[in-house]
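J.: Please find coords.cif (mmCIF, C-alpha atoms) on the next line:
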```cif
data_my_file
#
loop_
_atom_site.group_PDB
_atom_site.id
_atom_site.type_symbol
_atom_site.label_atom_id
_atom_site.label_comp_id
_atom_site.auth_asym_id
_atom_site.auth_seq_id
_atom_site.Cartn_x
_atom_site.Cartn_y
_atom_site.Cartn_z
ATOM 1 C CA MET A 1 234.826 78.468 102.689
ATOM 2 C CA PRO A 2 235.505 79.797 106.207
ATOM 3 C CA ASP A 3 236.613 83.353 106.674
ATOM 4 C CA ALA A 4 239.860 84.324 108.377
ATOM 5 C CA ALA A 5 238.311 83.720 111.793
ATOM 6 C CA GLY A 6 237.512 80.079 110.943
ATOM 7 C CA LEU A 7 234.368 78.031 111.293
ATOM 8 C CA THR A 8 232.955 76.611 114.490
ATOM 9 C CA VAL A 9 232.231 72.950 114.986
ATOM 10 C CA GLY A 10 228.509 73.564 114.548
ATOM 11 C CA GLU A 11 229.057 75.414 111.279
ATOM 12 C CA VAL A 12 231.305 72.679 109.898
ATOM 13 C CA SER A 13 228.804 70.049 110.992
ATOM 14 C CA THR A 14 226.061 71.809 109.036
ATOM 15 C CA ARG A 15 228.181 72.378 105.926
ATOM 16 C CA LEU A 16 229.515 68.822 105.665
ATOM 17 C CA GLY A 17 226.498 66.943 106.990
ATOM 18 C CA VAL A 18 228.394 65.174 109.775
ATOM 19 C CA THR A 19 227.640 65.156 113.475
ATOM 20 C CA VAL A 20 229.441 67.305 115.983
ATOM 21 C CA ARG A 21 230.240 64.105 117.842
ATOM 22 C CA ALA A 22 232.052 62.722 114.769
ATOM 23 C CA LEU A 23 234.090 65.916 114.431
ATOM 24 C CA HIS A 24 235.071 65.727 118.096
ATOM 25 C CA HIS A 25 236.043 62.075 117.681
ATOM 26 C CA TRP A 26 238.195 62.751 114.621
ATOM 27 C CA ASP A 27 239.899 65.535 116.549
ATOM 28 C CA ASP A 28 240.495 63.283 119.567
ATOM 29 C CA ILE A 29 242.135 60.547 117.467
ATOM 30 C CA GLY A 30 244.235 63.032 115.499
ATOM 31 C CA LEU A 31 242.555 62.389 112.164
ATOM 32 C CA ALA A 32 241.234 65.931 111.611
ATOM 33 C CA ARG A 33 242.276 68.504 114.166
ATOM 34 C CA PRO A 34 241.195 72.154 113.820
ATOM 35 C CA SER A 35 244.058 74.556 113.281
ATOM 36 C CA LEU A 36 242.624 77.307 115.484
ATOM 37 C CA ARG A 37 241.095 77.764 118.894
ATOM 38 C CA THR A 38 239.184 80.633 120.399
ATOM 39 C CA ALA A 39 240.356 82.292 123.559
ATOM 40 C CA ALA A 40 237.873 80.113 125.400
ATOM 41 C CA GLY A 41 239.323 76.960 123.833
ATOM 42 C CA TYR A 42 236.598 76.277 121.260
ATOM 43 C CA ARG A 43 237.585 74.646 117.980
ATOM 44 C CA LEU A 44 237.830 76.695 114.790
ATOM 45 C CA TYR A 45 238.374 75.155 111.365
ATOM 46 C CA THR A 46 240.295 76.858 108.545
ATOM 47 C CA ALA A 47 239.745 76.377 104.816
ATOM 48 C CA GLY A 48 242.462 73.710 104.789
ATOM 49 C CA ASP A 49 240.857 71.923 107.712
ATOM 50 C CA VAL A 50 237.497 71.893 105.930
ATOM 51 C CA GLU A 51 239.095 70.514 102.762
ATOM 52 C CA ARG A 52 240.652 67.668 104.741
ATOM 53 C CA LEU A 53 237.332 66.991 106.451
ATOM 54 C CA HIS A 54 235.582 66.923 103.107
ATOM 55 C CA ARG A 55 237.959 64.219 101.861
ATOM 56 C CA ILE A 56 237.398 62.227 105.054
ATOM 57 C CA VAL A 57 233.631 62.442 104.590
ATOM 58 C CA VAL A 58 233.898 61.248 100.975
ATOM 59 C CA TYR A 59 236.095 58.276 101.927
ATOM 60 C CA ARG A 60 233.824 57.372 104.851
ATOM 61 C CA GLU A 61 230.750 57.433 102.629
ATOM 62 C CA ILE A 62 232.289 54.805 100.344
ATOM 63 C CA GLY A 63 233.163 52.629 103.309
ATOM 64 C CA VAL A 64 236.876 53.278 103.840
ATOM 65 C CA GLY A 65 237.933 52.759 107.460
ATOM 66 C CA LEU A 66 239.372 55.578 109.521
ATOM 67 C CA ASP A 67 242.820 53.967 109.806
ATOM 68 C CA ARG A 68 243.030 53.572 106.022
ATOM 69 C CA ILE A 69 241.843 57.164 105.546
ATOM 70 C CA ARG A 70 244.639 58.296 107.837
ATOM 71 C CA GLU A 71 247.186 56.417 105.698
ATOM 72 C CA ILE A 72 245.820 57.859 102.453
ATOM 73 C CA LEU A 73 245.866 61.427 103.738
ATOM 74 C CA ALA A 74 249.250 61.145 105.439
ATOM 75 C CA ASP A 75 251.269 59.444 102.688
ATOM 76 C CA SER A 76 251.494 61.151 99.319
ATOM 77 C CA THR A 77 252.972 57.953 97.830
ATOM 78 C CA VAL A 78 249.860 55.890 98.599
ATOM 79 C CA ASP A 79 248.255 54.422 95.472
ATOM 80 C CA VAL A 80 244.893 56.126 95.930
ATOM 81 C CA PRO A 81 243.292 54.643 92.781
ATOM 82 C CA GLY A 82 244.464 51.196 93.885
ATOM 83 C CA ALA A 83 243.036 51.703 97.350
ATOM 84 C CA LEU A 84 239.748 52.842 95.854
ATOM 85 C CA ARG A 85 239.616 49.828 93.526
ATOM 86 C CA ALA A 86 240.128 47.527 96.516
ATOM 87 C CA GLN A 87 237.351 49.342 98.324
ATOM 88 C CA ARG A 88 235.111 49.008 95.270
ATOM 89 C CA ALA A 89 235.695 45.237 95.262
ATOM 90 C CA GLN A 90 234.711 45.076 98.935
ATOM 91 C CA VAL A 91 231.594 47.122 98.238
ATOM 92 C CA ALA A 92 230.660 44.767 95.383
ATOM 93 C CA GLU A 93 231.007 41.774 97.723
ATOM 94 C CA ARG A 94 228.872 43.526 100.319
ATOM 95 C CA ILE A 95 226.218 44.330 97.711
ATOM 96 C CA ASP A 96 226.146 40.668 96.680
ATOM 97 C CA ARG A 97 225.696 39.586 100.310
ATOM 98 C CA LEU A 98 222.930 42.135 100.800
ATOM 99 C CA GLN A 99 221.176 40.945 97.647
ATOM 100 C CA GLN A 100 221.328 37.385 98.940
ATOM 101 C CA LEU A 101 219.981 38.579 102.291
ATOM 102 C CA SER A 102 217.179 40.441 100.530
ATOM 103 C CA ALA A 103 216.237 37.325 98.563
ATOM 104 C CA GLY A 104 216.256 35.294 101.775
ATOM 105 C CA LEU A 105 214.015 37.838 103.479
ATOM 106 C CA ASP A 106 211.622 37.722 100.526
ATOM 107 C CA ARG A 107 211.426 33.935 100.858
ATOM 108 C CA MET A 108 210.843 34.215 104.590
ATOM 109 C CA VAL A 109 208.014 36.721 104.106
ATOM 110 C CA ASP A 110 206.441 34.503 101.447
ATOM 111 C CA ALA A 111 206.787 31.448 103.690
ATOM 112 C CA HIS A 112 205.043 33.181 106.594
ATOM 113 C CA GLU A 113 202.247 34.322 104.295
ATOM 114 C CA ARG A 114 201.841 31.205 102.134
ATOM 115 C CA GLY A 115 203.298 28.315 104.128
ATOM 116 C CA LEU A 116 204.550 26.328 101.139
ATOM 117 C CA LEU A 117 206.891 28.011 98.666
ATOM 118 C CA LEU A 118 205.698 25.720 95.908
ATOM 119 C CA THR A 119 203.316 26.428 93.075
ATOM 120 C CA ALA A 120 199.978 24.617 93.098
ATOM 121 C CA GLU A 121 201.306 22.361 90.345
ATOM 122 C CA GLN A 122 204.460 21.547 92.306
ATOM 123 C CA GLN A 123 202.416 20.786 95.409
ATOM 124 C CA VAL A 124 200.264 18.267 93.553
ATOM 125 C CA THR A 125 203.292 16.720 91.816
ATOM 126 C CA ILE A 126 205.298 16.348 95.023
ATOM 127 C CA LEU A 127 202.579 15.744 97.601
ATOM 128 C CA GLY A 128 200.241 13.681 95.442
ATOM 129 C CA PRO A 129 196.993 14.196 93.514
ATOM 130 C CA GLN A 130 194.990 14.017 96.742
ATOM 131 C CA TRP A 131 196.800 17.130 98.041
ATOM 132 C CA ASN A 132 194.707 20.288 98.180
ATOM 133 C CA PRO A 133 196.787 23.472 97.637
ATOM 134 C CA GLN A 134 194.240 25.310 99.763
ATOM 135 C CA TRP A 135 195.289 23.377 102.861
ATOM 136 C CA PRO A 136 198.320 25.618 103.584
ATOM 137 C CA VAL A 137 196.046 28.654 103.167
ATOM 138 C CA GLU A 138 193.592 27.190 105.670
ATOM 139 C CA ALA A 139 196.418 26.256 108.038
ATOM 140 C CA ARG A 140 197.722 29.809 108.010
ATOM 141 C CA ARG A 141 194.222 31.118 108.718
ATOM 142 C CA ARG A 142 193.942 28.837 111.736
ATOM 143 C CA TYR A 143 197.498 28.871 113.070
ATOM 144 C CA GLY A 144 199.228 31.886 111.513
ATOM 145 C CA ASP A 145 199.666 33.599 114.885
ATOM 146 C CA THR A 146 201.207 30.589 116.626
ATOM 147 C CA ALA A 147 204.853 29.808 117.312
ATOM 148 C CA GLN A 148 204.374 26.513 115.478
ATOM 149 C CA TRP A 149 203.402 28.279 112.267
ATOM 150 C CA GLN A 150 206.442 30.539 112.565
ATOM 151 C CA ARG A 151 208.696 27.493 112.954
ATOM 152 C CA TYR A 152 207.009 25.834 109.975
ATOM 153 C CA ALA A 153 207.436 28.969 107.847
ATOM 154 C CA GLU A 154 211.125 29.233 108.729
ATOM 155 C CA GLN A 155 211.702 25.633 107.690
ATOM 156 C CA SER A 156 209.622 26.085 104.561
ATOM 157 C CA ALA A 157 211.645 29.131 103.498
ATOM 158 C CA SER A 158 214.847 27.090 103.402
ATOM 159 C CA ARG A 159 213.480 23.981 101.666
ATOM 160 C CA SER A 160 213.934 23.173 98.018
ATOM 161 C CA PRO A 161 211.401 21.143 96.000
ATOM 162 C CA GLU A 162 213.753 18.158 96.345
ATOM 163 C CA GLU A 163 213.719 18.490 100.132
ATOM 164 C CA TRP A 164 209.942 18.712 100.117
ATOM 165 C CA GLN A 165 209.903 15.545 98.041
ATOM 166 C CA ALA A 166 211.923 13.791 100.750
ATOM 167 C CA VAL A 167 209.413 14.993 103.362
ATOM 168 C CA ALA A 168 206.527 13.764 101.204
ATOM 169 C CA ASP A 169 208.177 10.355 100.798
ATOM 170 C CA THR A 170 208.583 10.050 104.575
ATOM 171 C CA VAL A 171 204.925 10.963 105.138
ATOM 172 C CA ALA A 172 203.800 8.496 102.457
ATOM 173 C CA ASP A 173 205.806 5.683 104.088
ATOM 174 C CA PHE A 174 204.188 6.459 107.429
ATOM 175 C CA GLU A 175 200.690 6.554 105.965
ATOM 176 C CA ARG A 176 201.266 3.163 104.310
ATOM 177 C CA ALA A 177 202.330 1.824 107.697
ATOM 178 C CA LEU A 178 199.129 3.219 109.219
ATOM 179 C CA GLY A 179 196.986 1.485 106.639
ATOM 180 C CA GLU A 180 198.825 -1.817 107.037
ATOM 181 C CA ALA A 181 198.510 -1.651 110.833
ATOM 182 C CA MET A 182 194.784 -1.015 110.596
ATOM 183 C CA ASP A 183 194.422 -3.940 108.165
ATOM 184 C CA ALA A 184 196.364 -6.137 110.591
ATOM 185 C CA GLY A 185 193.928 -5.351 113.394
ATOM 186 C CA VAL A 186 196.313 -3.341 115.570
ATOM 187 C CA THR A 187 194.261 -2.049 118.469
ATOM 188 C CA PRO A 188 194.436 1.426 120.039
ATOM 189 C CA GLY A 189 196.586 1.420 123.173
ATOM 190 C CA SER A 190 198.688 -1.568 122.065
ATOM 191 C CA PRO A 191 202.505 -1.249 121.882
ATOM 192 C CA GLU A 192 202.324 -1.365 118.081
ATOM 193 C CA ALA A 193 199.736 1.429 117.973
ATOM 194 C CA ASN A 194 201.696 3.551 120.451
ATOM 195 C CA GLN A 195 204.836 3.149 118.340
ATOM 196 C CA LEU A 196 202.906 4.456 115.344
ATOM 197 C CA VAL A 197 201.737 7.450 117.389
ATOM 198 C CA ASP A 198 205.345 8.206 118.365
ATOM 199 C CA ARG A 199 206.388 7.804 114.747
ATOM 200 C CA HIS A 200 203.676 10.273 113.737
ATOM 201 C CA ARG A 201 205.187 12.865 116.065
ATOM 202 C CA ASP A 202 208.637 12.210 114.582
ATOM 203 C CA VAL A 203 207.299 12.570 111.052
ATOM 204 C CA PHE A 204 205.460 15.755 111.959
ATOM 205 C CA ALA A 205 208.714 17.260 113.248
ATOM 206 C CA SER A 206 209.428 17.968 109.570
ATOM 207 C CA TYR A 207 206.914 20.794 110.025
ATOM 208 C CA PHE A 208 207.300 21.728 113.701
ATOM 209 C CA PRO A 209 207.659 19.963 117.093
ATOM 210 C CA LEU A 210 204.385 18.348 118.076
ATOM 211 C CA THR A 211 203.405 17.917 121.722
ATOM 212 C CA ARG A 212 201.059 15.086 122.678
ATOM 213 C CA GLN A 213 198.248 17.521 123.434
ATOM 214 C CA MET A 214 198.699 19.146 120.038
ATOM 215 C CA GLN A 215 198.739 15.682 118.476
ATOM 216 C CA VAL A 216 195.352 14.955 120.048
ATOM 217 C CA CYS A 217 193.986 18.175 118.549
ATOM 218 C CA LEU A 218 195.358 17.226 115.149
ATOM 219 C CA GLY A 219 193.922 13.714 115.370
ATOM 220 C CA ARG A 220 190.480 15.105 116.015
ATOM 221 C CA MET A 221 190.817 17.627 113.220
ATOM 222 C CA PHE A 222 191.882 14.852 110.810
ATOM 223 C CA GLU A 223 188.662 13.022 111.610
ATOM 224 C CA ALA A 224 186.335 16.034 111.675
ATOM 225 C CA ASP A 225 187.644 18.056 108.729
ATOM 226 C CA PRO A 226 186.117 16.792 105.467
ATOM 227 C CA GLY A 227 189.303 17.378 103.480
ATOM 228 C CA PHE A 228 191.640 15.604 105.887
ATOM 229 C CA ALA A 229 189.130 12.826 106.552
ATOM 230 C CA ALA A 230 188.820 12.205 102.818
ATOM 231 C CA HIS A 231 192.598 12.019 102.531
ATOM 232 C CA TYR A 232 193.031 9.399 105.256
ATOM 233 C CA ASP A 233 189.894 7.470 104.331
ATOM 234 C CA GLY A 234 191.206 7.385 100.782
ATOM 235 C CA ILE A 235 194.163 5.375 102.078
ATOM 236 C CA ARG A 236 191.865 3.012 104.003
ATOM 237 C CA PRO A 237 188.163 3.479 104.730
ATOM 238 C CA GLY A 238 187.842 4.548 108.362
ATOM 239 C CA LEU A 239 191.559 5.376 108.756
ATOM 240 C CA ALA A 240 190.900 8.949 109.923
ATOM 241 C CA ALA A 241 188.811 7.725 112.867
ATOM 242 C CA TRP A 242 191.269 4.919 113.620
ATOM 243 C CA LEU A 243 194.192 7.368 113.681
ATOM 244 C CA ARG A 244 192.285 9.587 116.085
ATOM 245 C CA ARG A 245 191.591 6.603 118.373
ATOM 246 C CA ILE A 246 195.207 5.439 118.560
ATOM 247 C CA VAL A 247 196.349 9.017 119.260
ATOM 248 C CA ASP A 248 193.765 9.374 122.040
ATOM 249 C CA ALA A 249 194.765 6.029 123.578
ATOM 250 C CA ALA A 250 198.454 6.924 123.556
ATOM 251 C CA ALA A 251 197.676 10.300 125.150
ATOM 252 C CA ARG A 252 195.872 8.578 128.023
ATOM 253 C CA VAL A 253 198.970 6.479 128.681
ATOM 254 C CA HIS A 254 200.820 9.743 129.245
ATOM 255 C CA GLY A 255 198.163 11.166 131.568
ATOM 256 C CA ILE A 256 196.413 13.358 129.003
ATOM 257 C CA ASP A 257 192.623 13.474 128.796
ATOM 258 C CA PRO A 258 191.861 13.749 125.066
ATOM 259 C CA ASP A 259 188.551 15.444 125.794
ATOM 260 C CA THR A 260 190.296 18.394 127.454
ATOM 261 C CA ALA A 261 193.491 18.543 125.361
ATOM 262 C CA THR A 262 194.396 21.998 124.021
ATOM 263 C CA TRP A 263 196.830 23.311 121.413
ATOM 264 C CA GLN A 264 199.845 23.654 123.681
#
```
What do you get writing this file as structure tokens?
T.:
Amino acid sequence: MPDAAGLTVGEVSTRLGVTVRALHHWDDIGLARPSLRTAAGYRLYTAGDVERLHRIVVYREIGVGLDRIREILADSTVDVPGALRAQRAQVAERIDRLQQLSAGLDRMVDAHERGLLLTAEQQVTILGPQWNPQWPVEARRRYGDTAQWQRYAEQSASRSPEEWQAVADTVADFERALGEAMDAGVTPGSPEANQLVDRHRDVFASYFPLTRQMQVCLGRMFEADPGFAAHYDGIRPGLAAWLRRIVDAAARVHGIDPDTATWQ
């Protein structure tokens, strides 16, 4: 407790663990004014002032606003337990929101690190027996530092297994259309083939926006990578190479040289 001469702002700040700036602010707004002043005009706090400040600090630490603190301290008829119960309810709501935020952040971290927030079993069930759960791992190794991977991870973090099933169904429909077009003799560069290339970009938007240059890079990877080539050739023999050819032909229509296309 302060002696008869009172405590300075710095001393009160140290004792109560609040900043000098906060003490000045509470004085300026009339919430906690020191009872004494030195001859030079410096603030001095009495024992009663420190007790009031202590109550303010306690209320602030539990989240009570300054205006409500003023009401509690000024009106002896205020239902303090009731006010504290209301504050407790608000704190509980805030804790619940923070827990939800924490869970969302955990999902986002996992999505950036893993790509798919599905177990290996779920991946095979939803995406088909030909799906390799190592593909997302490989994709992160190749593209983890790109903006496209970040967009993919953000979408992945918010998707449920049911939503992934809808994505898988859309991809499967497109791949059936690819196989049927190849069987029908659709030639690269034809309107039908170019429509399929545009549809591929639309389907791929489920993961991230795909530019035509990026699509060329993907088409070549689908043909060159043994895993992807086996997937497409499992739909129709030679489909991986045919997909790459229709993508290249469509890129040329838009002034892109497939041989110099880059991931951009």
J.: Have a look at CA of Gly219 in chain A and CA of Asp110 in chain A and let me know their distance in Å, one decimal.
T.: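 Computing it gives 28.0 Å between the two atoms.
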J.: Once the PyMOL selection byres ((chain A and resi 63) around 12) has been applied to the shown file, what residues remain in the selection, as a PyMOL selection string?
T.: chain A and resi 56-62+64-69+83-84+86-92+94
J.: The PyMOL selection byres ((chain A and resi 233-236) around 10) on the file shown: which residues, as a ChimeraX atom specification?
T.: /A:130,175-176,178-180,182-183,223,227-232,237-242
J.: Which residues match the PyMOL selection byres ((chain A and resi 122-127) around 12) in the file above, as a PyMOL selection string?
T.: chain A and resi 115-121+128-136+160-172+231
J.: Residues of the last selection are to be written out with C-alpha atoms, as a short mmCIF file (atom, residue, chain, number, x, y, z; two decimals), in the frame of the given file.
T.:
```
data_model
loop_
_atom_site.label_atom_id
_atom_site.label_comp_id
_atom_site.auth_asym_id
_atom_site.auth_seq_id
_atom_site.Cartn_x
_atom_site.Cartn_y
_atom_site.Cartn_z
CA GLY A 115 203.30 28.32 104.13
CA LEU A 116 204.55 26.33 101.14
CA LEU A 117 206.89 28.01 98.67
CA LEU A 118 205.70 25.72 95.91
CA THR A 119 203.32 26.43 93.08
CA ALA A 120 199.98 24.62 93.10
CA GLU A 121 201.31 22.36 90.34
CA GLY A 128 200.24 13.68 95.44
CA PRO A 129 196.99 14.20 93.51
CA GLN A 130 194.99 14.02 96.74
CA TRP A 131 196.80 17.13 98.04
CA ASN A 132 194.71 20.29 98.18
CA PRO A 133 196.79 23.47 97.64
CA GLN A 134 194.24 25.31 99.76
CA TRP A 135 195.29 23.38 102.86
CA PRO A 136 198.32 25.62 103.58
CA SER A 160 213.93 23.17 98.02
CA PRO A 161 211.40 21.14 96.00
CA GLU A 162 213.75 18.16 96.34
CA GLU A 163 213.72 18.49 100.13
CA TRP A 164 209.94 18.71 100.12
CA GLN A 165 209.90 15.54 98.04
CA ALA A 166 211.92 13.79 100.75
CA VAL A 167 209.41 14.99 103.36
CA ALA A 168 206.53 13.76 101.20
CA ASP A 169 208.18 10.36 100.80
CA THR A 170 208.58 10.05 104.58
CA VAL A 171 204.92 10.96 105.14
CA ALA A 172 203.80 8.50 102.46
CA HIS A 231 192.60 12.02 102.53
#
```
J.: Quick one: everything within 12 Å of Arg151 in chain A, counting only C-alpha atoms, minus sequence neighbours fewer than 4 positions away in the same chain. Send it as a PDB file with C-alpha atoms, in the frame of the given file.
T.:
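Final file, part-v6.pdb:
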```pdb
ATOM      1  CA  MET A 108     210.843  34.215 104.590  1.00  0.00           C
ATOM      2  CA  ALA A 111     206.787  31.448 103.690  1.00  0.00           C
ATOM      3  CA  HIS A 112     205.043  33.181 106.594  1.00  0.00           C
ATOM      4  CA  GLY A 115     203.298  28.315 104.128  1.00  0.00           C
ATOM      5  CA  TYR A 143     197.498  28.871 113.070  1.00  0.00           C
ATOM      6  CA  GLY A 144     199.228  31.886 111.513  1.00  0.00           C
ATOM      7  CA  ASP A 145     199.666  33.599 114.885  1.00  0.00           C
ATOM      8  CA  THR A 146     201.207  30.589 116.626  1.00  0.00           C
ATOM      9  CA  ALA A 147     204.853  29.808 117.312  1.00  0.00           C
ATOM     10  CA  GLN A 155     211.702  25.633 107.690  1.00  0.00           C
ATOM     11  CA  SER A 156     209.622  26.085 104.561  1.00  0.00           C
ATOM     12  CA  ALA A 157     211.645  29.131 103.498  1.00  0.00           C
ATOM     13  CA  SER A 158     214.847  27.090 103.402  1.00  0.00           C
ATOM     14  CA  ALA A 205     208.714  17.260 113.248  1.00  0.00           C
ATOM     15  CA  SER A 206     209.428  17.968 109.570  1.00  0.00           C
ATOM     16  CA  TYR A 207     206.914  20.794 110.025  1.00  0.00           C
ATOM     17  CA  PHE A 208     207.300  21.728 113.701  1.00  0.00           C
ATOM     18  CA  PRO A 209     207.659  19.963 117.093  1.00  0.00           C
ATOM     19  CA  LEU A 210     204.385  18.348 118.076  1.00  0.00           C
TER      20      LEU A 210
END
```
J.: In Å, rounded to a single decimal, give me how far CA of Leu23 in chain A is from CA of Ser35 in chain A.
T.: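 Interatomic distance here is 13.2 Å.
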J.: Could you rebuild range 99-107 of chain A with all heavy atoms and give it back as a PDB file, keeping the file's coordinate frame?
T.:
```pdb
ATOM      1  N   GLN A  99     222.172  41.455  98.580  1.00  0.00           N
ATOM      2  CA  GLN A  99     221.176  40.945  97.647  1.00  0.00           C
ATOM      3  C   GLN A  99     220.727  39.542  98.034  1.00  0.00           C
ATOM      4  O   GLN A  99     219.535  39.212  97.948  1.00  0.00           O
ATOM      5  CB  GLN A  99     221.738  40.963  96.220  1.00  0.00           C
ATOM      6  CG  GLN A  99     221.869  42.356  95.634  1.00  0.00           C
ATOM      7  CD  GLN A  99     222.542  42.366  94.276  1.00  0.00           C
ATOM      8  OE1 GLN A  99     223.311  41.450  93.935  1.00  0.00           O
ATOM      9  NE2 GLN A  99     222.275  43.396  93.482  1.00  0.00           N
ATOM     10  N   GLN A 100     221.687  38.720  98.478  1.00  0.00           N
ATOM     11  CA  GLN A 100     221.328  37.385  98.940  1.00  0.00           C
ATOM     12  C   GLN A 100     220.443  37.467 100.187  1.00  0.00           C
ATOM     13  O   GLN A 100     219.466  36.722 100.319  1.00  0.00           O
ATOM     14  CB  GLN A 100     222.587  36.576  99.239  1.00  0.00           C
ATOM     15  CG  GLN A 100     223.425  36.257  98.015  1.00  0.00           C
ATOM     16  CD  GLN A 100     224.681  35.490  98.374  1.00  0.00           C
ATOM     17  OE1 GLN A 100     224.742  34.796  99.388  1.00  0.00           O
ATOM     18  NE2 GLN A 100     225.701  35.614  97.552  1.00  0.00           N
ATOM     19  N   LEU A 101     220.796  38.385 101.089  1.00  0.00           N
ATOM     20  CA  LEU A 101     219.981  38.579 102.291  1.00  0.00           C
ATOM     21  C   LEU A 101     218.578  39.043 101.919  1.00  0.00           C
ATOM     22  O   LEU A 101     217.582  38.566 102.478  1.00  0.00           O
ATOM     23  CB  LEU A 101     220.649  39.597 103.212  1.00  0.00           C
ATOM     24  CG  LEU A 101     219.875  39.993 104.477  1.00  0.00           C
ATOM     25  CD1 LEU A 101     219.634  38.783 105.365  1.00  0.00           C
ATOM     26  CD2 LEU A 101     220.622  41.074 105.244  1.00  0.00           C
ATOM     27  N   SER A 102     218.486  39.955 100.961  1.00  0.00           N
ATOM     28  CA  SER A 102     217.179  40.441 100.530  1.00  0.00           C
ATOM     29  C   SER A 102     216.338  39.308  99.954  1.00  0.00           C
ATOM     30  O   SER A 102     215.133  39.196 100.257  1.00  0.00           O
ATOM     31  CB  SER A 102     217.360  41.546  99.477  1.00  0.00           C
ATOM     32  OG  SER A 102     216.108  42.001  99.011  1.00  0.00           O
ATOM     33  N   ALA A 103     216.971  38.460  99.134  1.00  0.00           N
ATOM     34  CA  ALA A 103     216.237  37.325  98.563  1.00  0.00           C
ATOM     35  C   ALA A 103     215.772  36.376  99.663  1.00  0.00           C
ATOM     36  O   ALA A 103     214.650  35.855  99.619  1.00  0.00           O
ATOM     37  CB  ALA A 103     217.117  36.586  97.559  1.00  0.00           C
ATOM     38  N   GLY A 104     216.639  36.151 100.658  1.00  0.00           N
ATOM     39  CA  GLY A 104     216.256  35.294 101.775  1.00  0.00           C
ATOM     40  C   GLY A 104     215.102  35.869 102.568  1.00  0.00           C
ATOM     41  O   GLY A 104     214.192  35.141 102.989  1.00  0.00           O
ATOM     42  N   LEU A 105     215.114  37.189 102.760  1.00  0.00           N
ATOM     43  CA  LEU A 105     214.015  37.838 103.479  1.00  0.00           C
ATOM     44  C   LEU A 105     212.714  37.743 102.685  1.00  0.00           C
ATOM     45  O   LEU A 105     211.638  37.546 103.260  1.00  0.00           O
ATOM     46  CB  LEU A 105     214.366  39.302 103.754  1.00  0.00           C
ATOM     47  CG  LEU A 105     215.457  39.533 104.807  1.00  0.00           C
ATOM     48  CD1 LEU A 105     215.869  41.002 104.830  1.00  0.00           C
ATOM     49  CD2 LEU A 105     214.988  39.097 106.182  1.00  0.00           C
ATOM     50  N   ASP A 106     212.817  37.873 101.358  1.00  0.00           N
ATOM     51  CA  ASP A 106     211.622  37.722 100.526  1.00  0.00           C
ATOM     52  C   ASP A 106     211.035  36.330 100.675  1.00  0.00           C
ATOM     53  O   ASP A 106     209.808  36.160 100.794  1.00  0.00           O
ATOM     54  CB  ASP A 106     211.965  37.979  99.056  1.00  0.00           C
ATOM     55  CG  ASP A 106     212.198  39.458  98.759  1.00  0.00           C
ATOM     56  OD1 ASP A 106     211.776  40.291  99.569  1.00  0.00           O
ATOM     57  OD2 ASP A 106     212.804  39.761  97.715  1.00  0.00           O
ATOM     58  N   ARG A 107     211.899  35.311 100.694  1.00  0.00           N
ATOM     59  CA  ARG A 107     211.426  33.935 100.858  1.00  0.00           C
ATOM     60  C   ARG A 107     210.784  33.749 102.234  1.00  0.00           C
ATOM     61  O   ARG A 107     209.756  33.085 102.363  1.00  0.00           O
ATOM     62  CB  ARG A 107     212.581  32.946 100.696  1.00  0.00           C
ATOM     63  CG  ARG A 107     213.010  32.723  99.259  1.00  0.00           C
ATOM     64  CD  ARG A 107     214.102  31.661  99.163  1.00  0.00           C
ATOM     65  NE  ARG A 107     213.674  30.375  99.677  1.00  0.00           N
ATOM     66  CZ  ARG A 107     212.978  29.492  98.987  1.00  0.00           C
ATOM     67  NH1 ARG A 107     212.594  29.762  97.752  1.00  0.00           N
ATOM     68  NH2 ARG A 107     212.639  28.323  99.527  1.00  0.00           N
TER      69      ARG A 107
END
```
